[in-house]
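Structure file start.cif (mmCIF, C-alpha atoms (C1' of nucleotides)) is printed below.
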data_final
loop_
_atom_site.label_atom_id
_atom_site.label_comp_id
_atom_site.auth_asym_id
_atom_site.auth_seq_id
_atom_site.Cartn_x
_atom_site.Cartn_y
_atom_site.Cartn_z
CA MET A 162 60.37 45.57 -10.92
CA ALA A 163 59.97 43.23 -8.01
CA THR A 164 60.82 39.58 -8.46
CA THR A 165 58.27 36.94 -7.58
CA ARG A 166 60.24 35.97 -4.52
CA ASP A 167 60.25 39.57 -3.31
CA ARG A 168 56.53 39.94 -3.92
CA ILE A 169 55.87 36.83 -1.85
CA ILE A 170 57.99 38.08 1.05
CA THR A 171 56.46 41.56 0.97
CA ALA A 172 52.91 40.27 0.85
CA THR A 173 53.56 37.76 3.64
CA ASN A 174 55.12 40.47 5.77
CA GLU A 175 52.03 42.63 5.49
CA LEU A 176 49.67 39.77 6.19
CA PHE A 177 51.68 38.76 9.26
CA ARG A 178 51.47 42.34 10.51
CA ARG A 179 47.68 42.16 10.43
CA GLN A 180 46.98 38.55 11.32
CA GLY A 181 50.13 36.93 12.62
CA TYR A 182 51.62 33.62 11.49
CA ASN A 183 48.85 31.15 12.27
CA GLY A 184 46.17 33.55 11.14
CA THR A 185 47.62 33.82 7.64
CA SER A 186 47.03 31.08 5.08
CA LEU A 187 49.05 30.19 2.02
CA SER A 188 46.04 30.89 -0.15
CA GLN A 189 45.93 34.45 1.19
CA ILE A 190 49.63 34.83 0.51
CA SER A 191 49.15 33.46 -2.98
CA GLU A 192 46.40 35.94 -3.72
CA ALA A 193 48.10 38.97 -2.19
CA SER A 194 51.43 38.30 -3.89
CA GLU A 195 49.90 37.33 -7.22
CA ALA A 196 51.96 34.16 -7.18
CA THR A 197 50.55 30.66 -7.33
CA ILE A 198 50.92 28.15 -4.54
CA GLY A 199 53.27 26.27 -6.81
CA SER A 200 55.53 29.33 -7.07
CA ILE A 201 55.59 29.74 -3.32
CA TYR A 202 56.78 26.17 -2.88
CA HIS A 203 59.27 26.66 -5.69
CA PHE A 204 61.01 29.47 -3.78
CA PHE A 205 60.38 28.09 -0.31
CA PRO A 206 60.44 24.29 -0.46
CA GLY A 207 60.09 24.16 3.31
CA GLY A 208 56.63 25.71 2.99
CA LYS A 209 55.11 28.25 5.32
CA GLU A 210 57.74 27.88 8.01
CA GLU A 211 60.66 28.51 5.66
CA LEU A 212 58.85 31.47 4.15
CA ALA A 213 58.24 32.91 7.61
CA VAL A 214 61.92 32.59 8.49
CA ALA A 215 62.78 34.57 5.35
CA VAL A 216 60.22 37.23 6.28
CA VAL A 217 61.61 37.58 9.80
CA GLU A 218 65.18 37.84 8.48
CA THR A 219 64.27 40.41 5.86
CA THR A 220 62.20 42.55 8.21
CA GLY A 221 64.83 42.34 10.93
CA GLU A 222 67.47 43.70 8.61
CA VAL A 223 65.23 46.45 7.19
CA TYR A 224 64.29 47.71 10.63
CA ARG A 225 67.85 47.62 11.91
CA GLN A 226 68.89 49.87 9.04
CA LEU A 227 65.89 52.11 9.60
CA PHE A 228 66.74 52.59 13.27
CA GLU A 229 70.34 53.45 12.44
CA ALA A 230 69.30 55.89 9.73
CA ILE A 231 66.84 57.74 11.96
CA VAL A 232 69.11 58.18 14.96
CA ALA A 233 72.04 59.11 12.68
CA GLU A 234 70.32 62.05 11.09
CA VAL A 235 69.41 63.75 14.37
CA GLU A 236 71.85 65.66 16.58
CA GLY A 237 72.32 64.16 20.03
CA PRO A 238 71.31 60.76 21.38
CA ALA A 239 68.28 61.92 23.36
CA ASP A 240 66.76 63.71 20.38
CA GLY A 241 67.64 60.76 18.14
CA ILE A 242 65.66 58.39 20.34
CA ARG A 243 62.84 60.87 20.57
CA ALA A 244 62.70 61.08 16.77
CA PHE A 245 62.63 57.29 16.55
CA PHE A 246 59.61 56.87 18.84
CA ALA A 247 57.81 59.85 17.32
CA GLY A 248 58.29 58.38 13.87
CA ALA A 249 57.00 55.01 14.99
CA ALA A 250 53.92 56.64 16.52
CA ALA A 251 53.22 58.54 13.31
CA VAL A 252 53.58 55.46 11.13
CA LEU A 253 51.29 53.46 13.41
CA ALA A 254 48.53 56.07 13.39
CA GLU A 255 48.77 56.49 9.61
CA SER A 256 48.46 52.76 9.05
CA ASP A 257 45.31 52.57 11.17
CA TYR A 258 47.27 50.78 13.90
CA ILE A 259 48.41 47.80 11.93
CA ASP A 260 51.33 46.21 13.75
CA PRO A 261 54.59 47.80 12.64
CA CYS A 262 56.54 44.68 13.53
CA PRO A 263 55.56 41.16 12.49
CA ILE A 264 58.52 39.67 14.33
CA GLY A 265 57.20 40.24 17.83
CA THR A 266 53.85 38.72 16.93
CA VAL A 267 55.34 35.69 15.23
CA ALA A 268 57.85 35.19 18.04
CA ARG A 269 55.14 35.08 20.66
CA GLU A 270 52.99 32.72 18.61
CA VAL A 271 55.61 30.12 17.78
CA ALA A 272 58.40 30.39 20.38
CA ASN A 273 57.27 27.05 21.78
CA THR A 274 56.25 25.30 18.57
CA SER A 275 58.83 26.19 15.88
CA GLU A 276 62.47 26.33 16.85
CA PRO A 277 63.66 27.61 13.43
CA LEU A 278 61.27 30.55 13.65
CA ARG A 279 62.12 31.25 17.28
CA LEU A 280 65.82 31.34 16.36
CA ALA A 281 65.19 33.67 13.42
CA ALA A 282 63.35 36.09 15.72
CA GLU A 283 66.13 35.82 18.28
CA ARG A 284 68.72 36.73 15.64
CA ALA A 285 66.68 39.75 14.54
CA PHE A 286 66.32 41.00 18.10
CA ALA A 287 70.03 40.38 18.71
CA SER A 288 70.97 42.52 15.71
CA TRP A 289 68.76 45.35 16.99
CA ILE A 290 70.25 45.08 20.45
CA ALA A 291 73.77 45.18 18.99
CA SER A 292 72.87 48.29 17.03
CA ALA A 293 71.28 49.97 20.04
CA ARG A 294 74.26 49.03 22.19
CA GLU A 295 76.60 50.85 19.85
CA PHE A 296 74.31 53.84 19.98
CA ALA A 297 74.28 53.78 23.79
CA VAL A 298 78.07 53.58 23.90
CA GLY A 299 78.18 56.60 21.62
CA ALA A 300 75.93 58.36 24.10
CA GLY A 301 78.41 57.76 26.88
CA ALA A 302 77.30 54.49 28.43
CA GLY A 303 79.82 51.95 29.69
CA PRO A 304 79.73 48.44 28.23
CA HIS A 305 77.57 47.05 31.02
CA GLU A 306 75.14 49.95 30.99
CA ALA A 307 74.98 49.82 27.22
CA ASP A 308 73.99 46.15 27.28
CA ARG A 309 71.21 46.82 29.68
CA LEU A 310 69.88 49.93 27.96
CA ALA A 311 69.96 48.26 24.56
CA THR A 312 68.06 45.19 25.73
CA LEU A 313 65.52 47.33 27.52
CA PHE A 314 65.16 49.56 24.46
CA VAL A 315 64.18 46.70 22.18
CA ALA A 316 61.81 45.31 24.81
CA THR A 317 60.23 48.73 25.26
CA VAL A 318 59.73 49.19 21.53
CA GLU A 319 57.99 45.83 21.25
CA GLY A 320 55.87 46.44 24.33
CA ALA A 321 54.85 49.90 23.21
CA PHE A 322 53.77 48.43 19.86
CA VAL A 323 51.52 45.93 21.65
CA LEU A 324 49.92 48.61 23.77
CA SER A 325 49.60 51.34 21.16
CA ARG A 326 48.11 48.90 18.70
CA THR A 327 45.61 47.51 21.20
CA GLN A 328 44.66 50.93 22.52
CA ARG A 329 44.69 52.51 19.09
CA SER A 330 46.56 55.37 20.66
CA PRO A 331 50.16 56.60 20.42
CA ALA A 332 50.28 57.17 24.20
CA ALA A 333 52.50 54.19 24.97
CA LEU A 334 55.00 55.05 22.25
CA GLU A 335 55.10 58.65 23.43
CA ALA A 336 55.65 57.62 27.04
CA ALA A 337 58.44 55.30 25.95
CA GLY A 338 60.09 58.00 23.85
CA GLU A 339 60.14 60.61 26.58
CA THR A 340 61.39 58.30 29.27
CA PHE A 341 64.08 56.81 27.05
CA ALA A 342 65.29 60.19 25.96
CA HIS A 343 65.61 61.08 29.62
CA LEU A 344 67.49 57.87 30.40
CA LEU A 345 69.98 58.67 27.67
CA ALA A 346 70.37 62.27 28.78
CA THR A 347 71.22 61.18 32.35
CA ILE A 348 73.05 58.07 31.42
CA ASP A 349 75.21 57.63 34.50
CA ALA A 350 72.40 57.98 37.00
CA ALA A 351 69.91 56.07 34.86
CA VAL A 352 71.46 52.65 35.08
CA PRO A 353 72.31 51.59 38.61
CA GLY A 354 73.78 48.27 37.57
CA SER A 355 77.49 49.15 37.59
CA HIS A 356 77.80 48.27 41.24
CA SER A 357 75.90 44.99 41.13
CA MET B 245 36.46 21.07 42.56
CA ALA B 246 36.63 23.07 39.36
CA THR B 247 33.51 23.49 37.32
CA THR B 248 33.51 22.53 33.66
CA ARG B 249 33.45 26.17 32.67
CA ASP B 250 36.50 26.88 34.82
CA ARG B 251 38.36 23.91 33.41
CA ILE B 252 37.70 25.13 29.88
CA ILE B 253 38.95 28.63 30.66
CA THR B 254 42.05 27.38 32.46
CA ALA B 255 42.99 24.95 29.70
CA THR B 256 42.42 27.57 27.00
CA ASN B 257 44.53 30.06 28.89
CA GLU B 258 47.46 27.64 29.00
CA LEU B 259 47.13 26.72 25.35
CA PHE B 260 47.01 30.38 24.34
CA ARG B 261 50.18 30.97 26.34
CA ARG B 262 52.00 28.37 24.27
CA GLN B 263 50.40 28.74 20.85
CA GLY B 264 48.34 31.90 20.74
CA TYR B 265 44.76 32.23 19.58
CA ASN B 266 44.93 31.07 15.97
CA GLY B 267 47.36 28.31 16.82
CA THR B 268 44.97 26.71 19.27
CA SER B 269 42.08 24.55 18.05
CA LEU B 270 38.83 23.71 19.75
CA SER B 271 39.73 20.04 19.64
CA GLN B 272 42.88 20.77 21.64
CA ILE B 273 40.85 22.77 24.14
CA SER B 274 38.35 19.94 24.38
CA GLU B 275 41.06 17.40 25.09
CA ALA B 276 43.02 19.54 27.57
CA SER B 277 39.95 20.57 29.53
CA GLU B 278 38.33 17.12 29.42
CA ALA B 279 35.16 18.70 28.14
CA THR B 280 33.46 17.82 24.88
CA ILE B 281 33.05 20.27 22.04
CA GLY B 282 29.37 20.25 22.83
CA SER B 283 30.09 21.44 26.38
CA ILE B 284 32.31 24.21 25.11
CA TYR B 285 29.52 25.52 22.92
CA HIS B 286 27.08 25.11 25.78
CA PHE B 287 29.04 27.55 27.95
CA PHE B 288 30.28 29.75 25.12
CA PRO B 289 27.61 29.86 22.40
CA GLY B 290 29.69 32.40 20.50
CA GLY B 291 32.37 29.76 19.98
CA LYS B 292 36.09 30.32 20.08
CA GLU B 293 35.87 34.11 20.03
CA GLU B 294 33.53 34.31 23.01
CA LEU B 295 35.68 31.83 24.90
CA ALA B 296 38.78 33.89 24.17
CA VAL B 297 37.09 37.04 25.48
CA ALA B 298 36.33 35.21 28.73
CA VAL B 299 39.95 34.01 28.95
CA VAL B 300 41.30 37.53 28.44
CA GLU B 301 38.93 38.96 31.05
CA THR B 302 39.75 36.28 33.61
CA THR B 303 43.51 36.50 33.09
CA GLY B 304 43.43 40.29 33.15
CA GLU B 305 41.74 40.28 36.53
CA VAL B 306 44.00 37.58 38.00
CA TYR B 307 47.16 39.40 36.97
CA ARG B 308 45.91 42.74 38.24
CA GLN B 309 45.37 41.21 41.66
CA LEU B 310 48.74 39.48 41.49
CA PHE B 311 50.55 42.73 40.74
CA GLU B 312 48.81 44.50 43.62
CA ALA B 313 49.58 41.66 46.02
CA ILE B 314 53.27 41.54 45.14
CA VAL B 315 53.97 45.26 45.41
CA ALA B 316 51.88 45.51 48.59
CA GLU B 317 53.92 43.00 50.53
CA VAL B 318 57.25 44.70 49.92
CA GLU B 319 58.42 47.88 51.66
CA GLY B 320 59.00 50.81 49.33
CA PRO B 321 57.95 51.30 45.71
CA ALA B 322 61.35 50.66 44.15
CA ASP B 323 61.77 47.35 45.93
CA GLY B 324 58.16 46.44 45.16
CA ILE B 325 58.75 46.87 41.44
CA ARG B 326 62.02 45.00 41.70
CA ALA B 327 60.22 42.09 43.36
CA PHE B 328 57.59 42.09 40.65
CA PHE B 329 60.07 41.77 37.77
CA ALA B 330 62.23 39.28 39.66
CA GLY B 331 59.17 37.12 40.31
CA ALA B 332 58.17 37.28 36.66
CA ALA B 333 61.67 36.25 35.60
CA ALA B 334 61.63 33.31 38.01
CA VAL B 335 58.22 32.11 36.83
CA LEU B 336 59.28 32.37 33.20
CA ALA B 337 62.46 30.36 33.69
CA GLU B 338 60.63 27.70 35.72
CA SER B 339 57.97 27.29 33.06
CA ASP B 340 60.60 26.74 30.36
CA TYR B 341 59.80 30.17 28.91
CA ILE B 342 56.17 29.65 28.16
CA ASP B 343 54.55 33.04 27.73
CA PRO B 344 53.33 34.35 31.08
CA CYS B 345 50.67 36.48 29.43
CA PRO B 346 48.30 35.25 26.75
CA ILE B 347 46.70 38.67 26.42
CA GLY B 348 49.60 40.33 24.64
CA THR B 349 49.86 37.49 22.15
CA VAL B 350 46.15 37.40 21.43
CA ALA B 351 45.97 41.18 21.17
CA ARG B 352 48.67 41.29 18.54
CA GLU B 353 47.13 38.45 16.56
CA VAL B 354 43.58 39.73 16.38
CA ALA B 355 43.67 43.50 16.94
CA ASN B 356 42.75 43.97 13.29
CA THR B 357 40.41 41.00 12.84
CA SER B 358 38.28 40.73 15.98
CA GLU B 359 36.99 43.89 17.58
CA PRO B 360 35.43 42.11 20.61
CA LEU B 361 38.77 40.50 21.43
CA ARG B 362 40.70 43.72 20.86
CA LEU B 363 38.36 45.52 23.25
CA ALA B 364 38.71 42.81 25.89
CA ALA B 365 42.50 43.13 25.73
CA GLU B 366 42.21 46.90 25.90
CA ARG B 367 40.09 46.66 29.06
CA ALA B 368 42.61 44.31 30.67
CA PHE B 369 45.51 46.64 29.89
CA ALA B 370 43.48 49.62 31.14
CA SER B 371 42.86 47.92 34.48
CA TRP B 372 46.58 47.22 34.87
CA ILE B 373 47.44 50.80 33.98
CA ALA B 374 44.92 52.08 36.53
CA SER B 375 46.44 49.86 39.19
CA ALA B 376 49.99 50.91 38.31
CA ARG B 377 48.95 54.55 38.26
CA GLU B 378 47.72 54.31 41.84
CA PHE B 379 50.99 52.69 42.77
CA ALA B 380 52.97 55.48 41.11
CA VAL B 381 50.93 58.12 42.90
CA GLY B 382 51.70 56.34 46.16
CA ALA B 383 55.37 56.55 45.22
CA GLY B 384 55.13 60.31 44.91
CA ALA B 385 54.32 60.89 41.25
CA GLY B 386 51.98 63.65 40.19
CA PRO B 387 48.89 62.70 38.15
CA HIS B 388 50.55 63.39 34.83
CA GLU B 389 53.75 61.57 35.70
CA ALA B 390 51.75 58.67 37.10
CA ASP B 391 49.82 58.27 33.86
CA ARG B 392 52.98 58.14 31.88
CA LEU B 393 54.87 55.80 34.18
CA ALA B 394 51.91 53.43 34.43
CA THR B 395 51.44 53.18 30.66
CA LEU B 396 55.15 52.67 30.16
CA PHE B 397 55.22 50.06 32.91
CA VAL B 398 52.60 47.87 31.24
CA ALA B 399 54.28 48.29 27.86
CA THR B 400 57.65 47.37 29.36
CA VAL B 401 56.25 44.26 31.02
CA GLU B 402 54.75 43.07 27.75
CA GLY B 403 57.88 43.87 25.77
CA ALA B 404 60.16 42.17 28.27
CA PHE B 405 57.96 39.07 28.04
CA VAL B 406 58.39 38.99 24.26
CA LEU B 407 62.14 39.33 24.49
CA SER B 408 62.78 37.05 27.45
CA ARG B 409 60.63 34.36 25.90
CA THR B 410 62.30 34.61 22.50
CA GLN B 411 65.80 34.75 23.96
CA ARG B 412 65.05 32.14 26.62
CA SER B 413 66.82 34.42 29.03
CA PRO B 414 65.64 36.59 31.92
CA ALA B 415 67.95 39.43 30.80
CA ALA B 416 65.18 41.66 29.44
CA LEU B 417 63.04 41.29 32.56
CA GLU B 418 66.03 42.02 34.75
CA ALA B 419 66.95 45.11 32.75
CA ALA B 420 63.36 46.30 32.98
CA GLY B 421 63.21 45.73 36.73
CA GLU B 422 66.39 47.61 37.52
CA THR B 423 65.58 50.56 35.33
CA PHE B 424 62.03 50.84 36.59
CA ALA B 425 63.10 50.64 40.20
CA HIS B 426 65.46 53.51 39.47
CA LEU B 427 62.74 55.53 37.76
CA LEU B 428 60.54 55.16 40.82
CA ALA B 429 63.34 56.04 43.21
CA THR B 430 64.06 59.29 41.36
CA ILE B 431 60.51 60.03 40.42
CA ASP B 432 60.71 63.77 39.97
CA ALA B 433 63.72 63.68 37.70
CA ALA B 434 62.65 60.55 35.88
CA VAL B 435 59.63 61.89 34.07
CA PRO B 436 60.39 65.10 32.24
CA GLY B 437 56.85 65.58 30.96
CA SER B 438 55.49 68.03 33.53
CA HIS B 439 56.79 70.99 31.59
CA SER B 440 55.67 69.87 28.14
"C1'" DG C 90 24.74 19.50 30.88
"C1'" DT C 91 27.01 16.07 28.25
"C1'" DC C 92 27.60 13.21 24.40
"C1'" DT C 93 28.27 11.50 19.36
"C1'" DA C 94 27.94 12.30 14.68
"C1'" DT C 95 28.52 15.09 11.03
"C1'" DA C 96 28.22 19.15 7.89
"C1'" DA C 97 30.75 22.57 5.20
"C1'" DT C 98 34.94 24.65 4.52
"C1'" DT C 99 39.76 25.43 4.62
"C1'" DT C 100 44.26 24.10 5.60
"C1'" DG C 101 49.28 22.93 4.25
"C1'" DA C 102 51.28 20.32 0.95
"C1'" DT C 103 52.26 17.43 -3.44
"C1'" DA C 104 52.29 15.86 -8.41
"C1'" DG C 105 53.00 16.56 -12.83
"C1'" DA C 106 51.94 19.08 -17.27
"C1'" DC C 107 53.65 22.99 -19.65
"C1'" DG D 988 59.38 29.07 -13.19
"C1'" DT D 989 54.51 28.83 -13.43
"C1'" DC D 990 50.26 26.55 -13.62
"C1'" DT D 991 46.07 23.43 -12.38
"C1'" DA D 992 44.31 19.70 -10.00
"C1'" DT D 993 44.09 17.28 -6.11
"C1'" DC D 994 45.21 14.94 -1.56
"C1'" DA D 995 44.51 13.88 3.30
"C1'" DA D 996 43.74 16.06 7.39
"C1'" DA D 997 42.02 19.46 10.34
"C1'" DT D 998 39.07 23.39 11.19
"C1'" DT D 999 34.78 25.77 13.33
"C1'" DA D 1000 30.34 24.94 14.07
"C1'" DT D 1001 25.66 22.56 14.38
"C1'" DA D 1002 22.01 18.93 15.33
"C1'" DG D 1003 19.85 16.06 18.13
"C1'" DA D 1004 19.82 11.94 21.33
"C1'" DC D 1005 20.38 11.13 26.13
#

Represent the structure contained in this file as C-alpha cells.
Amino acid sequence: MATTRDRIITATNELFRRQGYNGTSLSQISEASEATIGSIYHFFPGGKEELAVAVVETTGEVYRQLFEAIVAEVEGPADGIRAFFAGAAAVLAESDYIDPCPIGTVAREVANTSEPLRLAAERAFASWIASAREFAVGAGAGPHEADRLATLFVATVEGAFVLSRTQRSPAALEAAGETFAHLLATIDAAVPGSHS
Amino acid sequence: MATTRDRIITATNELFRRQGYNGTSLSQISEASEATIGSIYHFFPGGKEELAVAVVETTGEVYRQLFEAIVAEVEGPADGIRAFFAGAAAVLAESDYIDPCPIGTVAREVANTSEPLRLAAERAFASWIASAREFAVGAGAGPHEADRLATLFVATVEGAFVLSRTQRSPAALEAAGETFAHLLATIDAAVPGSHS
DNA sequence: GTCTATAATTTGATAGAC
DNA sequence: GTCTATCAAATTATAGAC
C-alpha cells in the first residue's frame, strides 16, 4: 500500500503531466492524492517548490531505469532505440496524448524563476545522458561521438514529445526513432565531430 | 512607433519566454506593455487565452520567416542548417538562456486544457514543417524523406531548446546542428524510410 | 481607446487542535 | 501524522466614467 508521501508525489506527477507546474494548484494535488494540505506541508515543508523537486527527481530516476530496461531486452542498438521510440509512441497514444514527461514542461516553465527546480531538471537530464552515452559506447561510438549522440538523443526525445503531443500524432516520435536507429547503425559516418 | 496592440503582444511574448503561460499574469503584461488591463481586454475580449493565441500566431510567423531567411543566405543546405543552429545557440547564450520559443512551452502547458491554444501551436509547428520540407526537397530529398526530416527537424529544435536552456549550455544545439548538417549532406542514406 | 475601481474566486502558506 | 480554519495576496475578469 502506498504511503501518503508516495501518493502525493504520484498525483503531482500526473497533474504536472497535464497542466505543468504553474497550472497545478496545491488544492488539486490535495484532492487527487487524498491528502490534506496540512499533510503536504508535513512532508514537504518547502511547499510546492520542494514537492516539485521531489517529483522531478523521482520521475528522472524512473525513466532512466525504464530506458535501460527497454534497450537491454532488445538485440542490437538500432533495434533497441527503435523499440524505445515505438514504446513511447504507443504510450502517448494510449494516454490520449498526455505528456509522458513532466520534467521537460517544468524545466521550460521555471528555468528562469526557480533555480532549485532548474537544477533538479538538469540532474535528471544529465543522468539520462550518462545512460545514453554508455549505450552509445556499447554500440561502437568513441567517447566524443557518444557524448554528442547521447545529448542529441535526450533533446530529440523531449522535442518529439512536444510535437507529438501538440499534433496528437505519433509522427514525430516515429521520425525520431527511424533516424536515430539509422544513426546508431552507421555510427562512424553519422557523427562528423571527431575531426573538429 | 508601435501600436498598443503590438506592445501588448511583444511584452506577452517575452514574458511567456521566461515564465510560460500560467506563470504570467495579466498584471505583469499590463506593466511590461505599459497598457492598462482595460486596454488589454479592449484588444483581446477573450482575455488571456485569446491574447496567447495571437502571441503564438505572431511568433510562429516571425520564426518561419527567420528560418527561411537564414538558410537562404548561406550556400548549400548543410551549411544553411549549420548556420541556423549556430545562430540559435548564439542568441540563447546572449539572452542568458531565456527560452527562444514561447510556443513549445505554452503547447506543453495547455495542450490538455485549452484546445484553441493547442490548435494555434499546431498551426505554427505545421507552418515550420512545411517550410523545412521545402528546404529538404531543395536539398535532394524525396517527398517521403522530406516529410520525415522536416518533422524531425522541428522536434529537434524544440528539444534542443529545452536542453540547452536547462543546462545553460549550447551543447545540445551544437550536437543537433552537426548531426542535422550531416543528415542533409548524406540525404539518401540518412533516411531509411523509403523502403518501409 | 484608455482609465480606475472593484467583484468574485483562488492561490500558496500558516497555526494550532487532535 | 492528520485535520480544520484561516490569512494575506494575487488572480482573471467586468463595469462604467472619461

What does the structure give for the distance between CA of Gly304 (chain B) and CA of Ala368 (chain B), in Å to one decimal?
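Rounded to one decimal, the two atoms are 4.8 Å apart.
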
Would you kindly return, as a list in words, each protein, DNA or RNA residue with an atom no farther than 12 Å from any atom of DT91 (chain C), considering only C-alpha atoms (C1' of nucleotides) and excluding same-chain residues fewer than 3 positions away?
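Non-adjacent residues within range: Thr248, Glu278, Ala279, Thr280, Ile281, Gly282, Ser283, Ile284, Tyr285, His286 and Phe287 of chain B; DA1004 and DC1005 of chain D.
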
Test item: chain B residues at most 8 Å from chain D, counting only C-alpha atoms (C1' of nucleotides), as a PyMOL selection string
chain B and resi 269-270+291

Output C-alpha atoms for every residue in that selection, as a short mmCIF file (atom, residue, chain, number, x, y, z; two decimals), in the frame of the given file.
data_model
loop_
_atom_site.label_atom_id
_atom_site.label_comp_id
_atom_site.auth_asym_id
_atom_site.auth_seq_id
_atom_site.Cartn_x
_atom_site.Cartn_y
_atom_site.Cartn_z
CA SER B 269 42.08 24.55 18.05
CA LEU B 270 38.83 23.71 19.75
CA GLY B 291 32.37 29.76 19.98
#

Result set of the PyMOL selection byres ((chain B) within 7 of (chain A)) on the coordinates above, as an NGL selection string
:B and (262-264 or 266-267 or 342 or 348-349 or 351-356 or 362 or 366 or 392 or 395-396 or 399-400 or 402-404 or 406-407 or 410-411 or 416 or 419-420 or 423 or 426 or 434-435)

Using all atoms listed in the file, which of the listed residues (B:Ala316, B:Leu310, B:Ile373, B:Thr247) sits closest to chain C?
B:Thr247

Give me, as a list in words, the contact residues of chain C against chain B at a cut-off of 12 Å, counting only C-alpha atoms (C1' of nucleotides).
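Residues of chain C within 12 Å of chain B, counting only C-alpha atoms (C1' of nucleotides): DG90, DT91, DC92, DT93 and DA94 of chain C.
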
Using the selection just defined, write its residues with C-alpha atoms (C1' of nucleotides) as an mmCIF file, in the frame of the given file.
data_model
loop_
_atom_site.group_PDB
_atom_site.id
_atom_site.type_symbol
_atom_site.label_atom_id
_atom_site.label_comp_id
_atom_site.auth_asym_id
_atom_site.auth_seq_id
_atom_site.Cartn_x
_atom_site.Cartn_y
_atom_site.Cartn_z
ATOM 1 C "C1'" DG C 90 24.740 19.500 30.880
ATOM 2 C "C1'" DT C 91 27.010 16.070 28.250
ATOM 3 C "C1'" DC C 92 27.600 13.210 24.400
ATOM 4 C "C1'" DT C 93 28.270 11.500 19.360
ATOM 5 C "C1'" DA C 94 27.940 12.300 14.680
#

Within 6 Å of Pro238 (chain A), counting only C-alpha atoms (C1' of nucleotides), which residues qualify if same-chain residues fewer than 2 places away don't, as a VMD selection string?
chain A and resid 240 to 241 300

Generate a file of the selected residues that holds C-alpha atoms, formatted as a short mmCIF file (atom, residue, chain, number, x, y, z; two decimals), in the coordinates of the input.
data_model
loop_
_atom_site.label_atom_id
_atom_site.label_comp_id
_atom_site.auth_asym_id
_atom_site.auth_seq_id
_atom_site.Cartn_x
_atom_site.Cartn_y
_atom_site.Cartn_z
CA ASP A 240 66.76 63.71 20.38
CA GLY A 241 67.64 60.76 18.14
CA ALA A 300 75.93 58.36 24.10
#

May I ask for the distance between CA of Arg251 (chain B) and CA of Ile273 (chain B), given in Å to one decimal place?
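Between these atoms lies a distance of 9.7 Å.
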
Separation of CA of Phe205 (chain A) from CA of Ser191 (chain A) in Å:
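Those two atoms sit 12.7 Å apart.
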
Do a neighbour search on Ala390 (chain B) at 6 Å with all atoms listed in the file, toss out local chain neighbours closer than 3 positions, and write the hits as a compact mmCIF listing (two decimals) with C-alpha atoms, keeping the file's coordinate frame.
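What landed in result-v1.txt:
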# COMPACT_ATOMS: atom_id res chain seq x y z
CA ARG B 377 48.95 54.55 38.26
CA ALA B 380 52.97 55.48 41.11
CA VAL B 381 50.93 58.12 42.90
CA ALA B 385 54.32 60.89 41.25
CA GLY B 386 51.98 63.65 40.19
CA PRO B 387 48.89 62.70 38.15
CA LEU B 393 54.87 55.80 34.18
CA ALA B 394 51.91 53.43 34.43
